[in-house]
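Enquirer: Data file target-v7.cif (mmCIF, N, CA and C atoms and all ligand atoms) is appended below.
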```cif
data_entry
loop_
_atom_site.label_atom_id
_atom_site.label_comp_id
_atom_site.auth_asym_id
_atom_site.auth_seq_id
_atom_site.Cartn_x
_atom_site.Cartn_y
_atom_site.Cartn_z
N MET A 1 0.84 -1.20 0.00
CA MET A 1 0.00 0.00 0.00
C MET A 1 0.88 1.25 0.00
N ILE A 2 1.97 1.19 0.76
CA ILE A 2 2.86 2.37 0.82
C ILE A 2 3.47 2.63 -0.55
N ASN A 3 3.89 1.56 -1.22
CA ASN A 3 4.44 1.71 -2.58
C ASN A 3 3.42 2.35 -3.52
N LEU A 4 2.19 1.88 -3.44
CA LEU A 4 1.15 2.40 -4.35
C LEU A 4 0.83 3.85 -4.03
N ILE A 5 0.74 4.16 -2.74
CA ILE A 5 0.40 5.54 -2.35
C ILE A 5 1.53 6.48 -2.73
N GLN A 6 2.78 6.03 -2.57
CA GLN A 6 3.91 6.88 -2.97
C GLN A 6 3.87 7.14 -4.48
N ASN A 7 3.54 6.13 -5.26
CA ASN A 7 3.41 6.33 -6.72
C ASN A 7 2.32 7.35 -7.02
N SER A 8 1.20 7.25 -6.31
CA SER A 8 0.12 8.23 -6.53
C SER A 8 0.59 9.63 -6.18
N LEU A 9 1.29 9.77 -5.06
CA LEU A 9 1.80 11.10 -4.68
C LEU A 9 2.69 11.66 -5.78
N ASP A 10 3.57 10.82 -6.32
CA ASP A 10 4.47 11.27 -7.40
C ASP A 10 3.66 11.70 -8.63
N ALA A 11 2.62 10.92 -8.96
CA ALA A 11 1.83 11.20 -10.17
C ALA A 11 0.96 12.45 -10.00
N LEU A 12 0.77 12.88 -8.75
CA LEU A 12 -0.09 14.05 -8.47
C LEU A 12 0.71 15.33 -8.31
N ASN A 13 2.02 15.20 -8.33
CA ASN A 13 2.89 16.35 -8.11
C ASN A 13 2.59 17.46 -9.13
N GLY A 14 2.14 18.62 -8.65
CA GLY A 14 1.88 19.76 -9.53
C GLY A 14 0.55 19.69 -10.27
N ARG A 15 -0.28 18.68 -9.99
CA ARG A 15 -1.57 18.53 -10.68
C ARG A 15 -2.65 19.32 -9.94
N PRO A 16 -3.65 19.83 -10.66
CA PRO A 16 -4.73 20.55 -9.99
C PRO A 16 -5.65 19.59 -9.22
N GLU A 17 -6.13 20.03 -8.08
CA GLU A 17 -7.07 19.26 -7.24
C GLU A 17 -6.65 17.80 -7.07
N PRO A 18 -5.43 17.59 -6.54
CA PRO A 18 -4.95 16.21 -6.39
C PRO A 18 -5.77 15.41 -5.38
N GLN A 19 -6.07 14.18 -5.73
CA GLN A 19 -6.85 13.32 -4.83
C GLN A 19 -6.33 11.89 -4.87
N ILE A 20 -6.28 11.27 -3.71
CA ILE A 20 -6.01 9.82 -3.62
C ILE A 20 -7.20 9.21 -2.88
N LEU A 21 -7.77 8.19 -3.48
CA LEU A 21 -8.92 7.54 -2.87
C LEU A 21 -8.52 6.10 -2.50
N LEU A 22 -8.66 5.77 -1.22
CA LEU A 22 -8.37 4.42 -0.75
C LEU A 22 -9.68 3.74 -0.40
N THR A 23 -9.89 2.55 -0.95
CA THR A 23 -11.14 1.83 -0.69
C THR A 23 -10.83 0.39 -0.33
N ALA A 24 -11.59 -0.16 0.58
CA ALA A 24 -11.45 -1.59 0.91
C ALA A 24 -12.83 -2.23 0.87
N PHE A 25 -12.90 -3.39 0.23
CA PHE A 25 -14.14 -4.17 0.20
C PHE A 25 -13.84 -5.56 0.75
N GLU A 26 -14.81 -6.18 1.32
CA GLU A 26 -14.63 -7.59 1.67
C GLU A 26 -15.93 -8.34 1.47
N ASN A 27 -15.79 -9.60 1.12
CA ASN A 27 -16.95 -10.49 1.18
C ASN A 27 -16.47 -11.78 1.83
N GLU A 28 -17.26 -12.83 1.73
CA GLU A 28 -16.90 -14.04 2.47
C GLU A 28 -15.60 -14.66 1.98
N SER A 29 -15.29 -14.47 0.69
CA SER A 29 -14.13 -15.16 0.15
C SER A 29 -12.92 -14.26 -0.09
N HIS A 30 -13.14 -12.95 -0.32
CA HIS A 30 -12.03 -12.09 -0.75
C HIS A 30 -12.01 -10.74 -0.04
N VAL A 31 -10.81 -10.15 -0.05
CA VAL A 31 -10.65 -8.76 0.36
C VAL A 31 -10.08 -8.02 -0.84
N GLU A 32 -10.59 -6.83 -1.10
CA GLU A 32 -10.11 -6.03 -2.22
C GLU A 32 -9.66 -4.67 -1.71
N LEU A 33 -8.45 -4.28 -2.09
CA LEU A 33 -7.90 -2.98 -1.69
C LEU A 33 -7.66 -2.17 -2.96
N ILE A 34 -8.15 -0.94 -2.97
CA ILE A 34 -8.07 -0.12 -4.18
C ILE A 34 -7.39 1.21 -3.86
N VAL A 35 -6.39 1.55 -4.68
CA VAL A 35 -5.73 2.86 -4.58
C VAL A 35 -5.96 3.58 -5.90
N ARG A 36 -6.63 4.73 -5.84
CA ARG A 36 -6.97 5.46 -7.06
C ARG A 36 -6.48 6.90 -6.94
N ASP A 37 -5.88 7.42 -8.00
CA ASP A 37 -5.49 8.83 -8.01
C ASP A 37 -5.93 9.48 -9.31
N ASN A 38 -6.05 10.80 -9.27
CA ASN A 38 -6.40 11.56 -10.48
C ASN A 38 -5.16 12.27 -11.02
N GLY A 39 -4.06 11.51 -11.07
CA GLY A 39 -2.78 12.06 -11.53
C GLY A 39 -2.58 11.90 -13.03
N THR A 40 -1.32 11.74 -13.40
CA THR A 40 -0.93 11.78 -14.83
C THR A 40 -1.50 10.63 -15.65
N GLY A 41 -1.81 9.52 -14.99
CA GLY A 41 -2.16 8.32 -15.74
C GLY A 41 -0.90 7.68 -16.32
N ILE A 42 -1.05 6.46 -16.83
CA ILE A 42 0.09 5.72 -17.38
C ILE A 42 -0.13 5.54 -18.88
N PRO A 43 0.81 5.99 -19.71
CA PRO A 43 0.65 5.81 -21.16
C PRO A 43 0.53 4.33 -21.51
N GLN A 44 -0.34 4.05 -22.47
CA GLN A 44 -0.58 2.67 -22.92
C GLN A 44 0.73 1.94 -23.20
N ALA A 45 1.68 2.63 -23.82
CA ALA A 45 2.94 2.00 -24.23
C ALA A 45 3.75 1.52 -23.02
N ASN A 46 3.50 2.10 -21.83
CA ASN A 46 4.27 1.69 -20.64
C ASN A 46 3.58 0.60 -19.83
N LEU A 47 2.30 0.38 -20.12
CA LEU A 47 1.51 -0.49 -19.24
C LEU A 47 2.08 -1.89 -19.10
N ALA A 48 2.61 -2.43 -20.18
CA ALA A 48 3.13 -3.80 -20.13
C ALA A 48 4.41 -3.88 -19.31
N LYS A 49 5.02 -2.74 -19.00
CA LYS A 49 6.35 -2.75 -18.38
C LYS A 49 6.35 -2.35 -16.91
N ILE A 50 5.23 -1.80 -16.41
CA ILE A 50 5.29 -1.17 -15.07
C ILE A 50 5.62 -2.15 -13.95
N PHE A 51 5.35 -3.44 -14.15
CA PHE A 51 5.65 -4.41 -13.08
C PHE A 51 7.06 -5.01 -13.24
N ASP A 52 7.78 -4.60 -14.29
CA ASP A 52 9.15 -5.10 -14.49
C ASP A 52 10.10 -4.42 -13.51
N PRO A 53 11.04 -5.19 -12.94
CA PRO A 53 12.03 -4.56 -12.06
C PRO A 53 12.84 -3.53 -12.84
N PHE A 54 13.09 -2.42 -12.22
CA PHE A 54 13.91 -1.32 -12.76
C PHE A 54 13.24 -0.56 -13.90
N PHE A 55 11.94 -0.79 -14.14
CA PHE A 55 11.26 0.11 -15.09
C PHE A 55 10.78 1.34 -14.34
N THR A 56 11.27 2.49 -14.73
CA THR A 56 10.85 3.75 -14.11
C THR A 56 10.80 4.85 -15.15
N THR A 57 9.92 5.82 -14.93
CA THR A 57 9.90 7.01 -15.78
C THR A 57 10.36 8.22 -14.96
N LYS A 58 10.82 7.94 -13.73
CA LYS A 58 11.21 9.04 -12.83
C LYS A 58 12.69 9.39 -13.03
N PRO A 59 13.06 10.64 -12.73
CA PRO A 59 14.45 11.05 -12.92
C PRO A 59 15.40 10.22 -12.06
N VAL A 60 16.64 10.13 -12.49
CA VAL A 60 17.67 9.41 -11.74
C VAL A 60 17.69 9.94 -10.31
N GLY A 61 17.70 9.02 -9.35
CA GLY A 61 17.73 9.43 -7.95
C GLY A 61 16.35 9.55 -7.33
N GLN A 62 15.29 9.55 -8.17
CA GLN A 62 13.93 9.67 -7.61
C GLN A 62 13.15 8.37 -7.65
N GLY A 63 13.54 7.47 -8.52
CA GLY A 63 12.83 6.19 -8.60
C GLY A 63 13.78 5.11 -9.05
N MET A 64 13.66 3.94 -8.40
CA MET A 64 14.49 2.80 -8.79
C MET A 64 13.71 1.88 -9.74
N GLY A 65 12.40 2.05 -9.77
CA GLY A 65 11.58 1.15 -10.58
C GLY A 65 11.38 -0.19 -9.92
N LEU A 66 11.42 -0.18 -8.58
CA LEU A 66 11.29 -1.45 -7.86
C LEU A 66 9.96 -1.61 -7.12
N GLY A 67 9.26 -0.50 -6.88
CA GLY A 67 8.04 -0.55 -6.05
C GLY A 67 7.01 -1.54 -6.58
N LEU A 68 6.64 -1.42 -7.83
CA LEU A 68 5.57 -2.27 -8.36
C LEU A 68 6.02 -3.72 -8.54
N SER A 69 7.29 -3.92 -8.89
CA SER A 69 7.73 -5.31 -9.03
C SER A 69 7.72 -6.00 -7.66
N LEU A 70 8.08 -5.27 -6.60
CA LEU A 70 8.00 -5.83 -5.25
C LEU A 70 6.54 -6.11 -4.87
N CYS A 71 5.66 -5.12 -5.14
CA CYS A 71 4.22 -5.32 -4.88
C CYS A 71 3.73 -6.59 -5.55
N PHE A 72 4.07 -6.70 -6.83
CA PHE A 72 3.59 -7.83 -7.63
C PHE A 72 4.04 -9.15 -7.00
N ARG A 73 5.31 -9.19 -6.61
CA ARG A 73 5.84 -10.43 -6.02
C ARG A 73 5.19 -10.75 -4.68
N MET A 74 5.00 -9.70 -3.86
CA MET A 74 4.38 -9.92 -2.54
C MET A 74 2.95 -10.43 -2.70
N ILE A 75 2.22 -9.83 -3.64
CA ILE A 75 0.82 -10.22 -3.83
C ILE A 75 0.75 -11.64 -4.40
N GLN A 76 1.64 -11.93 -5.35
CA GLN A 76 1.73 -13.30 -5.88
C GLN A 76 2.00 -14.30 -4.77
N GLY A 77 2.90 -13.91 -3.86
CA GLY A 77 3.27 -14.79 -2.74
C GLY A 77 2.09 -15.09 -1.83
N MET A 78 1.08 -14.24 -1.86
CA MET A 78 -0.14 -14.47 -1.08
C MET A 78 -1.25 -15.01 -1.97
N ALA A 79 -0.88 -15.50 -3.14
CA ALA A 79 -1.84 -16.04 -4.11
C ALA A 79 -2.92 -15.02 -4.48
N GLY A 80 -2.53 -13.74 -4.48
CA GLY A 80 -3.48 -12.69 -4.81
C GLY A 80 -3.31 -12.22 -6.24
N GLU A 81 -4.09 -11.19 -6.58
CA GLU A 81 -4.02 -10.63 -7.93
C GLU A 81 -3.97 -9.12 -7.84
N VAL A 82 -3.28 -8.51 -8.82
CA VAL A 82 -3.28 -7.05 -8.89
C VAL A 82 -3.64 -6.65 -10.31
N SER A 83 -4.49 -5.64 -10.42
CA SER A 83 -4.85 -5.15 -11.75
C SER A 83 -4.78 -3.63 -11.77
N VAL A 84 -4.67 -3.07 -12.96
CA VAL A 84 -4.56 -1.62 -13.08
C VAL A 84 -5.53 -1.12 -14.14
N ASP A 85 -6.14 0.01 -13.81
CA ASP A 85 -7.02 0.71 -14.76
C ASP A 85 -6.52 2.15 -14.81
N THR A 86 -6.19 2.63 -16.00
CA THR A 86 -5.60 3.96 -16.08
C THR A 86 -5.96 4.63 -17.40
N ALA A 87 -5.95 5.95 -17.41
CA ALA A 87 -6.09 6.71 -18.65
C ALA A 87 -5.19 7.94 -18.52
N GLU A 88 -4.45 8.19 -19.58
CA GLU A 88 -3.49 9.30 -19.54
C GLU A 88 -4.20 10.63 -19.28
N GLY A 89 -3.66 11.40 -18.34
CA GLY A 89 -4.23 12.70 -18.02
C GLY A 89 -5.50 12.63 -17.20
N SER A 90 -5.85 11.43 -16.75
CA SER A 90 -7.14 11.26 -16.06
C SER A 90 -7.00 10.60 -14.69
N HIS A 91 -6.58 9.34 -14.68
CA HIS A 91 -6.55 8.61 -13.41
C HIS A 91 -5.71 7.33 -13.52
N THR A 92 -5.38 6.80 -12.36
CA THR A 92 -4.77 5.46 -12.27
C THR A 92 -5.38 4.78 -11.06
N GLN A 93 -5.76 3.52 -11.25
CA GLN A 93 -6.35 2.77 -10.15
C GLN A 93 -5.74 1.37 -10.10
N PHE A 94 -5.15 1.04 -8.96
CA PHE A 94 -4.63 -0.30 -8.72
C PHE A 94 -5.59 -1.03 -7.79
N THR A 95 -5.92 -2.26 -8.16
CA THR A 95 -6.80 -3.09 -7.34
C THR A 95 -6.06 -4.36 -6.94
N ILE A 96 -6.00 -4.58 -5.64
CA ILE A 96 -5.38 -5.80 -5.10
C ILE A 96 -6.50 -6.70 -4.59
N SER A 97 -6.47 -7.94 -5.01
CA SER A 97 -7.49 -8.88 -4.55
C SER A 97 -6.80 -10.05 -3.84
N LEU A 98 -7.21 -10.31 -2.62
CA LEU A 98 -6.61 -11.38 -1.81
C LEU A 98 -7.70 -12.31 -1.32
N ALA A 99 -7.42 -13.61 -1.40
CA ALA A 99 -8.38 -14.58 -0.86
C ALA A 99 -8.28 -14.57 0.66
N ARG A 100 -9.41 -14.65 1.32
CA ARG A 100 -9.39 -14.72 2.78
C ARG A 100 -8.92 -16.11 3.21
N PRO A 101 -8.24 -16.18 4.35
CA PRO A 101 -7.82 -17.49 4.82
C PRO A 101 -9.03 -18.37 5.09
N VAL A 102 -8.88 -19.64 4.76
CA VAL A 102 -9.98 -20.59 5.03
C VAL A 102 -9.86 -21.03 6.47
N ALA A 103 -10.97 -20.95 7.20
CA ALA A 103 -10.96 -21.33 8.63
C ALA A 103 -10.63 -22.82 8.75
N GLN A 104 -9.73 -23.14 9.69
CA GLN A 104 -9.36 -24.54 9.92
C GLN A 104 -10.45 -25.23 10.73
N ALA A 105 -10.81 -26.44 10.31
CA ALA A 105 -11.85 -27.18 11.05
C ALA A 105 -11.27 -27.76 12.33
N1 LIG A 201 -0.19 5.96 -9.83
C1 LIG A 201 0.60 6.10 -10.91
N2 LIG A 201 0.39 7.10 -11.80
C2 LIG A 201 1.18 7.25 -12.89
N3 LIG A 201 2.22 6.44 -13.19
C3 LIG A 201 2.48 5.43 -12.34
C4 LIG A 201 1.71 5.20 -11.16
N4 LIG A 201 2.19 4.11 -10.52
C5 LIG A 201 3.23 3.69 -11.26
N5 LIG A 201 3.43 4.48 -12.34
C6 LIG A 201 4.46 4.30 -13.39
O1 LIG A 201 5.06 3.03 -13.22
C7 LIG A 201 6.49 3.17 -13.07
C8 LIG A 201 7.02 2.06 -12.20
O2 LIG A 201 6.55 2.23 -10.85
P1 LIG A 201 7.40 1.62 -9.65
O3 LIG A 201 6.69 1.93 -8.37
O4 LIG A 201 7.72 0.19 -9.93
O5 LIG A 201 8.79 2.38 -9.74
P2 LIG A 201 9.13 3.90 -9.37
O6 LIG A 201 8.00 4.51 -8.58
O7 LIG A 201 9.49 4.58 -10.65
O8 LIG A 201 10.42 3.76 -8.44
P3 LIG A 201 10.46 3.20 -6.93
O9 LIG A 201 9.09 2.65 -6.61
O10 LIG A 201 11.51 2.15 -6.93
O11 LIG A 201 10.79 4.39 -6.10
C9 LIG A 201 6.67 4.58 -12.53
O12 LIG A 201 7.96 5.09 -12.80
C10 LIG A 201 5.57 5.33 -13.29
O13 LIG A 201 5.97 5.63 -14.60
MG MG A 202 7.16 3.43 -6.92
#
```
Please render this file's structure as structure tokens.
Expert:
Amino acid sequence: MINLIQNSLDALNGRPEPQILLTAFENESHVELIVRDNGTGIPQANLAKIFDPFFTTKPVGQGMGLGLSLCFRMIQGMAGEVSVDTAEGSHTQFTISLARPVAQA
């Protein structure tokens, strides 16, 4: 969550009316965590690369390009899923979905 929120803060730098919306949903089987910002958005051409280690669009010294690859690995390690919905100049939304632990009999 910290990685995602930091990315949102970076994408909102200098933007008018910056907003970050954090939402959590749960049902019997899953928990969903959503981080949404109205920042720069991610260009279509970059979308396939954002989860790659060391992919960054930030200036040298400001980003290592490791945040999302770490997120992806951590979520995978919990058998979860992460998805992104974005439009350039409009918004970016990351959704994390995690299965709830099954109660032991
Ligand atoms: N909320 C967002 N809005 C716009 N672009 C984003 C957003 N989140 C990620 N990105 C894009 O994805 C790239 C990769 O993100 P990632 O968190 O992996 O690395 P980083 O933020 O550049 O560096 P680090 O997390 O290591 O400090 C970013 O450089 C940026 O281009
Ligand atoms: Mg980051």
Enquirer: Could you tell me which of A:Arg36, A:Arg15, A:Arg73, A:Arg100 comes closest to ligand LIG 201 (chain A) if we count all atoms listed in the file?
Expert: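 The shortest atom-to-atom distance to ligand LIG 201 (chain A) comes from A:Arg36.
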Enquirer: Do you know which residues are within 7 Å of ligand MG 202 (chain A) using only N, CA and C atoms and all ligand atoms? Can you write them as an mmCIF file with N, CA and C atoms, keeping the file's coordinate frame?
Expert:
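Wrote pocket_15.cif, looks like this:
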```
data_model
loop_
_atom_site.group_PDB
_atom_site.id
_atom_site.type_symbol
_atom_site.label_atom_id
_atom_site.label_comp_id
_atom_site.auth_asym_id
_atom_site.auth_seq_id
_atom_site.Cartn_x
_atom_site.Cartn_y
_atom_site.Cartn_z
ATOM 1 N N ASN A 3 3.890 1.560 -1.220
ATOM 2 C CA ASN A 3 4.440 1.710 -2.580
ATOM 3 C C ASN A 3 3.420 2.350 -3.520
ATOM 4 N N LEU A 4 2.190 1.880 -3.440
ATOM 5 C CA LEU A 4 1.150 2.400 -4.350
ATOM 6 C C LEU A 4 0.830 3.850 -4.030
ATOM 7 N N GLN A 6 2.780 6.030 -2.570
ATOM 8 C CA GLN A 6 3.910 6.880 -2.970
ATOM 9 C C GLN A 6 3.870 7.140 -4.480
ATOM 10 N N ASN A 7 3.540 6.130 -5.260
ATOM 11 C CA ASN A 7 3.410 6.330 -6.720
ATOM 12 C C ASN A 7 2.320 7.350 -7.020
ATOM 13 N N GLY A 63 13.540 7.470 -8.520
ATOM 14 C CA GLY A 63 12.830 6.190 -8.600
ATOM 15 C C GLY A 63 13.780 5.110 -9.050
ATOM 16 N N MET A 64 13.660 3.940 -8.400
ATOM 17 C CA MET A 64 14.490 2.800 -8.790
ATOM 18 C C MET A 64 13.710 1.880 -9.740
ATOM 19 N N GLY A 65 12.400 2.050 -9.770
ATOM 20 C CA GLY A 65 11.580 1.150 -10.580
ATOM 21 C C GLY A 65 11.380 -0.190 -9.920
ATOM 22 N N LEU A 66 11.420 -0.180 -8.580
ATOM 23 C CA LEU A 66 11.290 -1.450 -7.860
ATOM 24 C C LEU A 66 9.960 -1.610 -7.120
ATOM 25 N N GLY A 67 9.260 -0.500 -6.880
ATOM 26 C CA GLY A 67 8.040 -0.550 -6.050
ATOM 27 C C GLY A 67 7.010 -1.540 -6.580
ATOM 28 N N LEU A 68 6.640 -1.420 -7.830
ATOM 29 C CA LEU A 68 5.570 -2.270 -8.360
ATOM 30 C C LEU A 68 6.020 -3.720 -8.540
#
```
Enquirer: Could you state the separation of atom CA of A:Gly14 and atom CA of A:Cys71 in Å, given to one decimal place?
Expert: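 Spanning atom CA of A:Gly14 to atom CA of A:Cys71 is a straight-line distance of 25.6 Å.
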Enquirer: For a test of reading the model, state the distance in Å between atom N2 of ligand LIG 201 (chain A) and atom C of A:Asp10, rounded to one decimal.
Expert: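 The value is 6.5 Å.
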Enquirer: Neighbours of A:Thr40 within 8 Å (only N, CA and C atoms; same-chain residues fewer than 5 positions away dropped), as a list in words?
Expert: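 Using only N, CA and C atoms, the neighbours found are Ser8, Asp10, Ala11, Leu12, Asn13, Arg15, Thr86, Ala87, Glu88, Gly89, Ser90, His91 and Thr92 of chain A.
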Enquirer: What is the atom CA of A:Ile50 to atom CA of A:Pro16 distance in Å?
Expert: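 Interatomic distance here is 24.5 Å.
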